[in-house]
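Dumped final_17.txt below, it's compact mmCIF, C-alpha atoms and all ligand atoms:
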```txt
# COMPACT_ATOMS: atom_id res chain seq x y z
CA MET A 1 0.00 0.00 0.00
CA ARG A 2 1.05 3.57 -0.65
CA ILE A 3 -0.25 6.62 1.21
CA ASP A 4 0.51 10.08 -0.20
CA ILE A 5 0.01 12.92 2.25
CA ILE A 6 -0.36 16.48 0.95
CA THR A 7 0.37 19.15 3.54
CA CYS A 8 1.74 22.66 4.00
CA ILE A 9 3.58 21.51 7.16
CA PRO A 10 5.55 18.39 6.15
CA GLU A 11 7.67 18.74 9.31
CA MET A 12 4.68 17.55 11.33
CA PHE A 13 5.20 14.04 9.95
CA THR A 14 8.82 13.62 11.01
CA GLY A 15 8.98 11.45 14.09
CA THR A 16 5.55 9.91 13.49
CA VAL A 17 5.23 8.14 10.15
CA ASP A 18 8.91 7.13 10.13
CA GLN A 19 8.84 5.37 13.51
CA SER A 20 7.86 2.07 15.07
CA ILE A 21 5.26 -0.07 13.28
CA LEU A 22 5.03 2.35 10.36
CA LYS A 23 8.79 2.15 9.85
CA ARG A 24 8.63 -1.63 10.07
CA ALA A 25 5.85 -1.66 7.46
CA ALA A 26 8.04 0.41 5.13
CA ASP A 27 11.16 -1.73 5.80
CA LYS A 28 9.15 -4.85 4.95
CA GLY A 29 7.91 -3.19 1.73
CA LEU A 30 4.28 -3.47 2.85
CA ALA A 31 3.31 0.20 3.19
CA HIS A 32 5.00 3.44 2.20
CA ILE A 33 4.08 6.95 3.21
CA HIS A 34 5.13 9.84 0.96
CA VAL A 35 4.76 13.35 2.30
CA HIS A 36 4.38 16.20 -0.23
CA ASN A 37 4.91 19.85 0.61
CA LEU A 38 2.11 21.91 -0.91
CA ARG A 39 4.53 24.84 -1.23
CA ASP A 40 6.43 22.88 -3.90
CA TYR A 41 3.31 23.38 -6.04
CA ALA A 42 2.88 27.08 -5.25
CA ILE A 43 1.51 29.25 -8.05
CA ASN A 44 4.13 32.03 -7.98
CA LYS A 45 7.62 32.99 -6.86
CA HIS A 46 6.24 34.11 -3.51
CA ASN A 47 5.42 30.46 -2.80
CA GLN A 48 1.78 31.38 -2.46
CA ILE A 49 -0.63 28.58 -1.58
CA ASP A 50 -3.40 30.49 0.22
CA ASP A 51 -5.42 33.65 -0.25
CA TYR A 52 -8.21 35.71 1.31
CA ALA A 53 -11.75 34.34 1.12
CA PHE A 54 -14.02 35.79 -1.56
CA GLY A 55 -16.72 37.81 0.15
CA GLY A 56 -14.44 38.70 3.07
CA GLY A 57 -14.11 37.25 6.52
CA ALA A 58 -11.19 36.32 8.72
CA GLY A 59 -8.73 33.56 7.81
CA MET A 60 -6.91 32.36 4.73
CA VAL A 61 -8.11 29.65 2.35
CA LEU A 62 -5.87 27.09 0.64
CA MET A 63 -6.03 27.69 -3.13
CA ILE A 64 -7.24 25.06 -5.57
CA GLU A 65 -4.38 25.40 -8.05
CA PRO A 66 -1.43 24.06 -5.98
CA ILE A 67 -3.62 21.23 -4.66
CA ASP A 68 -4.80 20.31 -8.15
CA LYS A 69 -1.23 20.41 -9.50
CA CYS A 70 -0.02 18.07 -6.75
CA ILE A 71 -2.92 15.61 -7.08
CA SER A 72 -2.68 15.61 -10.89
CA GLU A 73 1.04 14.86 -10.74
CA LEU A 74 0.41 11.92 -8.41
CA LYS A 75 -2.51 10.63 -10.50
CA ALA A 76 -0.32 10.72 -13.63
CA GLN A 77 1.99 8.21 -11.93
CA ARG A 78 -0.55 5.68 -10.58
CA ASP A 79 -4.25 5.11 -9.92
CA TYR A 80 -5.67 6.19 -6.59
CA ASP A 81 -8.58 4.47 -4.85
CA GLU A 82 -9.48 7.52 -2.78
CA VAL A 83 -8.53 11.19 -2.39
CA ILE A 84 -9.40 11.85 1.24
CA TYR A 85 -9.75 15.33 2.73
CA MET A 86 -9.16 15.46 6.49
CA SER A 87 -11.95 17.63 7.88
CA PRO A 88 -13.86 17.97 11.16
CA ASP A 89 -17.13 17.73 9.20
CA GLY A 90 -16.18 14.48 7.42
CA GLU A 91 -17.44 10.98 8.31
CA LEU A 92 -16.20 9.91 11.71
CA LEU A 93 -13.20 7.54 11.55
CA SER A 94 -14.01 4.05 12.85
CA GLN A 95 -12.35 0.65 12.84
CA ASN A 96 -14.65 -0.30 9.94
CA ILE A 97 -13.38 2.61 7.83
CA SER A 98 -9.76 1.75 8.69
CA ASN A 99 -10.38 -1.88 7.70
CA GLU A 100 -11.88 -0.74 4.41
CA LEU A 101 -9.02 1.66 3.63
CA SER A 102 -6.40 -0.99 4.46
CA LEU A 103 -7.63 -2.99 1.43
CA HIS A 104 -6.70 -0.19 -0.99
CA ASN A 105 -3.45 0.05 -2.95
CA ASN A 106 -3.05 3.82 -3.10
CA ILE A 107 -4.73 6.62 -1.22
CA ILE A 108 -4.13 10.36 -0.93
CA LEU A 109 -4.68 12.19 2.37
CA LEU A 110 -5.11 15.94 1.93
CA CYS A 111 -4.56 18.11 5.00
CA GLY A 112 -6.41 21.40 5.27
CA HIS A 113 -5.19 24.44 7.15
CA TYR A 114 -6.30 27.93 8.15
CA LYS A 115 -9.96 28.30 7.12
CA GLY A 116 -9.74 25.13 5.02
CA VAL A 117 -9.54 24.56 1.27
CA ASP A 118 -11.35 26.24 -1.62
CA GLU A 119 -14.71 24.44 -1.75
CA ARG A 120 -14.06 23.37 -5.39
CA VAL A 121 -11.29 21.05 -4.10
CA ARG A 122 -13.93 19.19 -2.09
CA GLU A 123 -16.42 19.27 -4.94
CA TYR A 124 -14.18 18.18 -7.83
CA LEU A 125 -10.99 16.57 -6.50
CA VAL A 126 -11.82 14.84 -3.23
CA THR A 127 -13.65 11.48 -3.13
CA ARG A 128 -14.13 11.17 0.62
CA GLU A 129 -13.86 13.27 3.78
CA ILE A 130 -12.82 11.90 7.16
CA SER A 131 -12.89 13.41 10.65
CA ILE A 132 -11.08 11.89 13.63
CA GLY A 133 -13.49 13.39 16.16
CA ASP A 134 -15.88 16.18 16.98
CA TYR A 135 -13.26 18.79 17.77
CA VAL A 136 -11.31 21.18 15.57
CA LEU A 137 -7.55 20.77 15.11
CA THR A 138 -5.36 23.52 13.69
CA GLY A 139 -4.87 21.42 10.56
CA GLY A 140 -5.46 17.98 9.11
CA GLU A 141 -1.90 16.73 9.78
CA LEU A 142 -2.49 15.01 13.12
CA ALA A 143 -5.70 13.52 11.73
CA ALA A 144 -3.85 12.19 8.65
CA ALA A 145 -1.19 10.61 10.89
CA VAL A 146 -3.96 8.91 12.90
CA VAL A 147 -5.58 7.54 9.72
CA ALA A 148 -2.23 6.33 8.33
CA ASP A 149 -1.35 4.59 11.60
CA SER A 150 -4.73 2.92 12.09
CA VAL A 151 -4.79 1.71 8.46
CA ILE A 152 -1.22 0.50 8.05
CA ARG A 153 -1.20 -1.64 11.19
CA LEU A 154 -4.10 -3.65 9.68
CA ILE A 155 -2.15 -4.72 6.58
CA PRO A 156 -1.32 -8.43 6.89
CA GLY A 157 2.33 -8.93 7.83
CA VAL A 158 2.83 -5.47 9.35
CA MET A 159 2.30 -6.60 12.92
CA ASN A 160 4.62 -9.27 14.30
CA ASP A 161 1.81 -11.45 15.59
CA GLU A 162 -0.61 -11.82 12.67
CA THR A 163 -3.58 -12.17 14.98
CA SER A 164 -2.91 -9.14 17.10
CA ALA A 165 -4.70 -6.60 14.90
CA LEU A 166 -7.68 -8.97 14.79
CA THR A 167 -7.99 -8.94 18.57
CA ASP A 168 -7.90 -5.13 18.83
CA SER A 169 -10.63 -3.20 20.55
CA PHE A 170 -13.55 -2.42 18.18
CA GLN A 171 -12.69 -5.19 15.73
CA ASP A 172 -15.98 -7.01 16.60
CA ASN A 173 -17.65 -3.97 18.14
CA LEU A 174 -16.17 -5.11 21.45
CA VAL A 175 -13.41 -3.44 23.44
CA ALA A 176 -10.31 -5.56 24.12
CA PRO A 177 -10.15 -7.80 27.23
CA PRO A 178 -7.57 -6.96 29.93
CA VAL A 179 -3.99 -8.21 29.54
CA TYR A 180 -1.36 -8.98 32.19
CA THR A 181 2.31 -9.88 32.27
CA ARG A 182 4.84 -11.05 34.89
CA PRO A 183 4.96 -11.04 37.86
CA ALA A 184 1.79 -13.10 38.51
CA GLU A 185 1.53 -11.35 41.86
CA TYR A 186 2.70 -7.83 42.73
CA LYS A 187 2.12 -6.23 46.14
CA GLY A 188 -0.57 -8.86 46.66
CA TRP A 189 -2.35 -7.81 43.41
CA LYS A 190 -2.97 -11.04 41.54
CA VAL A 191 -3.37 -11.93 37.87
CA PRO A 192 -6.65 -13.86 37.25
CA GLU A 193 -5.85 -17.53 37.82
CA VAL A 194 -7.34 -18.74 34.54
CA LEU A 195 -4.62 -16.89 32.60
CA THR A 196 -1.83 -18.90 34.23
CA SER A 197 -3.77 -22.22 34.02
CA GLY A 198 -2.45 -23.12 30.55
CA HIS A 199 -6.03 -24.10 29.57
CA THR A 200 -6.38 -22.44 26.15
CA ALA A 201 -10.14 -22.94 25.65
CA LYS A 202 -10.95 -21.60 29.12
CA ILE A 203 -8.65 -18.61 28.52
CA GLU A 204 -10.42 -17.83 25.23
CA ASP A 205 -13.85 -18.05 26.94
CA TRP A 206 -12.66 -15.83 29.78
CA ARG A 207 -11.30 -13.24 27.34
CA PHE A 208 -14.54 -13.15 25.38
CA ASP A 209 -16.62 -12.77 28.56
CA GLN A 210 -14.34 -9.98 29.77
CA ALA A 211 -14.57 -8.20 26.42
CA VAL A 212 -18.38 -8.33 26.57
CA GLU A 213 -18.48 -7.19 30.19
CA ARG A 214 -16.04 -4.34 29.55
CA THR A 215 -17.99 -3.22 26.51
CA ARG A 216 -21.18 -3.16 28.63
CA MET A 217 -19.41 -1.06 31.27
CA LYS A 218 -17.31 1.29 29.13
CA ARG A 219 -18.94 1.48 25.69
CA PRO A 220 -22.53 0.19 25.84
CA ASP A 221 -23.20 2.15 22.62
CA LEU A 222 -21.11 -0.44 20.69
CA LEU A 223 -23.38 -3.34 21.64
CA GLY A 224 -26.19 -2.01 19.48
CA LYS A 225 -24.04 -2.10 16.32
CA ASP A 226 -24.56 -5.56 14.66
CA SER A 227 -22.84 -6.84 17.75
CA GLU A 228 -21.27 -10.24 18.30
CA VAL A 229 -23.28 -10.75 21.53
N1 LIG B 301 -8.89 19.04 10.63
C1 LIG B 301 -9.21 19.84 11.68
N2 LIG B 301 -9.87 19.17 12.62
C2 LIG B 301 -10.01 17.89 12.17
C3 LIG B 301 -10.62 16.72 12.69
N3 LIG B 301 -11.25 16.70 13.86
N4 LIG B 301 -10.56 15.59 11.95
C4 LIG B 301 -9.96 15.61 10.74
N5 LIG B 301 -9.37 16.67 10.20
C5 LIG B 301 -9.39 17.81 10.90
```
Mind turning the file's structure into structure tokens?
Amino acid sequence: MRIDIITCIPEMFTGTVDQSILKRAADKGLAHIHVHNLRDYAINKHNQIDDYAFGGGAGMVLMIEPIDKCISELKAQRDYDEVIYMSPDGELLSQNISNELSLHNNIILLCGHYKGVDERVREYLVTREISIGDYVLTGGELAAAVVADSVIRLIPGVMNDETSALTDSFQDNLVAPPVYTRPAEYKGWKVPEVLTSGHTAKIEDWRFDQAVERTRMKRPDLLGKDSEV
């Protein structure tokens, strides 16, 4: 998979997309992130990429021309499944959306800034809009990093233990069961006995019951959604 990120602050991606699991995904040749600086597509020698809004009002608007130039250049090189605009009024990111996106070969994530992008970008160039929550960030960069991370970790082979992404919270509309590691007892606080019993079937049953119970306690809203229980 290839994810192209278009941004006017490429520096925001250093130290995130080149670390940890995302780095491992790139090293294994499974997923690559390419960050493009919108200023490289500026329309004039002043490196202009934004302008005042027609009709007045505070705040600058990212211009359509640099964005179109960048997207067109990318599209000339390969086909893209989606051109996604990161926006607080987009569809709310969920595990289902991440699963769906992880099946694509190439996607573009476009980060807005200031007052956003010229509406014609959304109308003519973007195929989908995603929000990471009902709050407004200063730009789409952090949201794009969240999408890239949640999608790439789902690609088979990226995680060490193939099953680990499948047992994540939300994967079956259930939150994950609790996990423990050594020591089995610390300050008198004990690990549930079943986990050290070596009885695989009982452990699986216990984990499922815990996941259901936790979902009831913490996220009862998930149980309505075509739930497993
Ligand atoms: N850009 C600004 N706020 C955002 C949000 N909540 N989700 C996605 N992109 C954004």
Contact table chain A vs ligand LIG 301 (chain B), cut-off 9 Å, shortest pair per residue, all atoms listed in the file, as CSV:
```
residue,atom,partner,partner_atom,distance
A:Tyr85,CA,B:LIG301,N5,7.6
A:Met86,CA,B:LIG301,N5,3.9
A:Ser87,CA,B:LIG301,N5,3.6
A:Pro88,CA,B:LIG301,C3,3.8
A:Asp89,CA,B:LIG301,N4,7.4
A:Gly90,CA,B:LIG301,C4,7.1
A:Leu92,CA,B:LIG301,N4,8.0
A:Leu93,CA,B:LIG301,N4,8.5
A:Cys111,CA,B:LIG301,N1,7.2
A:Gly112,CA,B:LIG301,N1,6.4
A:His113,CA,B:LIG301,N1,7.4
A:Gly116,CA,B:LIG301,N1,8.3
A:Glu129,CA,B:LIG301,C4,8.3
A:Ile130,CA,B:LIG301,C4,5.9
A:Ser131,CA,B:LIG301,N4,3.4
A:Ile132,CA,B:LIG301,N4,4.1
A:Gly133,CA,B:LIG301,N3,4.6
A:Asp134,CA,B:LIG301,N3,5.6
A:Tyr135,CA,B:LIG301,N3,4.9
A:Val136,CA,B:LIG301,N2,3.8
A:Leu137,CA,B:LIG301,N2,3.8
A:Thr138,CA,B:LIG301,C1,5.7
A:Gly139,CA,B:LIG301,N1,4.7
A:Gly140,CA,B:LIG301,N1,3.9
A:Glu141,CA,B:LIG301,N1,7.4
A:Leu142,CA,B:LIG301,N5,7.7
A:Ala143,CA,B:LIG301,C4,4.8
A:Ala144,CA,B:LIG301,N5,7.3
```
Draw an axis-aligned box tight on the listed atoms of range 5-21 of chain A, then pad every side by 5 Å and write out centre and edge lengths in Å to one decimal as JSON.
```
{"center_x": 4.3, "center_y": 11.3, "center_z": 8.0, "size_x": 19.3, "size_y": 32.7, "size_z": 24.1}
```
So how many Å separate CA of Val191 in chain A and CA of Asp161 in chain A, to one decimal?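 So the answer is 22.9 Å.
Minimum atom-to-atom distance to Arg216 in chain A, evaluated using all atoms listed in the file, belongs to A:Val175 out of A:Ile5, A:Val175, A:Ala201, A:Arg39.
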Quick one: of A:Gly59, A:Pro66, A:Gly157, A:Gly198, who's nearest to Ala25 in chain A, counting only C-alpha atoms?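 Looking at the shortest contact to Ala25 in chain A, the residue is A:Gly157.
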Which residue gives the smallest distance to Lys69 in chain A among A:Ala145, A:Val121, A:Asn106, A:Gly57, with all atoms listed in the file counted? A:Val121
Gap from CA of Leu154 in chain A to CA of His34 in chain A - Å, one decimal: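 Distance between the two atoms: 18.5 Å.
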Report as a tab-separated table: every residue of range 125-198 of chain A with an atom at most 10 Å from range 98-101 of chain A, its closest pair of atoms, and their distance in Å to one decimal, counting all atoms listed in the file, with rows sorted by chain and ascending residue number.
```
residue	atom	partner	partner_atom	distance
A:Val147	CA	A:Ser98	CA	7.2
A:Ala148	CA	A:Ser98	CA	8.8
A:Asp149	CA	A:Ser98	CA	9.3
A:Ser150	CA	A:Ser98	CA	6.2
A:Val151	CA	A:Ser98	CA	5.0
A:Ile152	CA	A:Ser98	CA	8.7
A:Arg153	CA	A:Ser98	CA	9.5
A:Leu154	CA	A:Asn99	CA	6.8
A:Ile155	CA	A:Asn99	CA	8.8
A:Gln171	CA	A:Asn99	CA	9.0
```
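Take the candidates A:Ala76, A:Val117, A:Val35, A:Met1 and check each one against Thr16 in chain A using all atoms listed in the file; the shortest distance goes to A:Val35.
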With range 220-224 of chain A as the partner and 12 Å as the cut-off, tabulate the residues of range 141-188 of chain A that qualify, each row holding the nearest pair of atoms and their distance in Å to one decimal, using only C-alpha atoms, sorted by chain and rising number, as a Markdown table.
```
| residue | atom | partner | partner_atom | distance |
| --- | --- | --- | --- | --- |
| A:Ser169 | CA | A:Leu222 | CA | 10.8 |
| A:Phe170 | CA | A:Leu222 | CA | 8.2 |
| A:Gln171 | CA | A:Leu222 | CA | 10.9 |
| A:Asp172 | CA | A:Leu222 | CA | 9.3 |
| A:Asn173 | CA | A:Leu222 | CA | 5.6 |
| A:Leu174 | CA | A:Leu222 | CA | 6.8 |
| A:Val175 | CA | A:Leu222 | CA | 8.7 |
```
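Separating CA of Cys70 in chain A from CA of Glu11 in chain A is a distance of 17.8 Å.
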Write out as a PyMOL selection string which residues come within 10 Å of Asp79 in chain A when counting only C-alpha atoms, dropping same-chain ones fewer than 3 positions away. chain A and resi 74-76+82+105-107
Let's have the selection written as a PDB file, in the coordinates of the input, with C-alpha atoms.
```
ATOM      1  CA  LEU A  74       0.410  11.920  -8.410  1.00  0.00           C
ATOM      2  CA  LYS A  75      -2.510  10.630 -10.500  1.00  0.00           C
ATOM      3  CA  ALA A  76      -0.320  10.720 -13.630  1.00  0.00           C
ATOM      4  CA  GLU A  82      -9.480   7.520  -2.780  1.00  0.00           C
ATOM      5  CA  ASN A 105      -3.450   0.050  -2.950  1.00  0.00           C
ATOM      6  CA  ASN A 106      -3.050   3.820  -3.100  1.00  0.00           C
ATOM      7  CA  ILE A 107      -4.730   6.620  -1.220  1.00  0.00           C
TER       8      ILE A 107
END
```
So, with all atoms listed in the file as the atoms that count, which of A:Asp4, A:Asp118, A:Asp27, A:Asp18 lies closest to Val83 in chain A?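 Using all atoms listed in the file, the shortest distance to Val83 in chain A belongs to A:Asp4.
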Exercise: Glu65 in chain A partners within 8 Å, only C-alpha atoms, chain neighbours under 3 positions left out, as a PDB file with C-alpha atoms, keeping the file's coordinate frame:
```pdb
ATOM      1  CA  ALA A  42       2.880  27.080  -5.250  1.00  0.00           C
ATOM      2  CA  ILE A  43       1.510  29.250  -8.050  1.00  0.00           C
ATOM      3  CA  ASP A  68      -4.800  20.310  -8.150  1.00  0.00           C
ATOM      4  CA  LYS A  69      -1.230  20.410  -9.500  1.00  0.00           C
TER       5      LYS A  69
END
```
Restricting the calculation to all atoms listed in the file: of A:Gln95, A:Cys8, A:Lys23, A:Glu119, which residue gets closest to Phe54 in chain A?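 Of the candidates, the smallest distance to Phe54 in chain A is held by A:Glu119.
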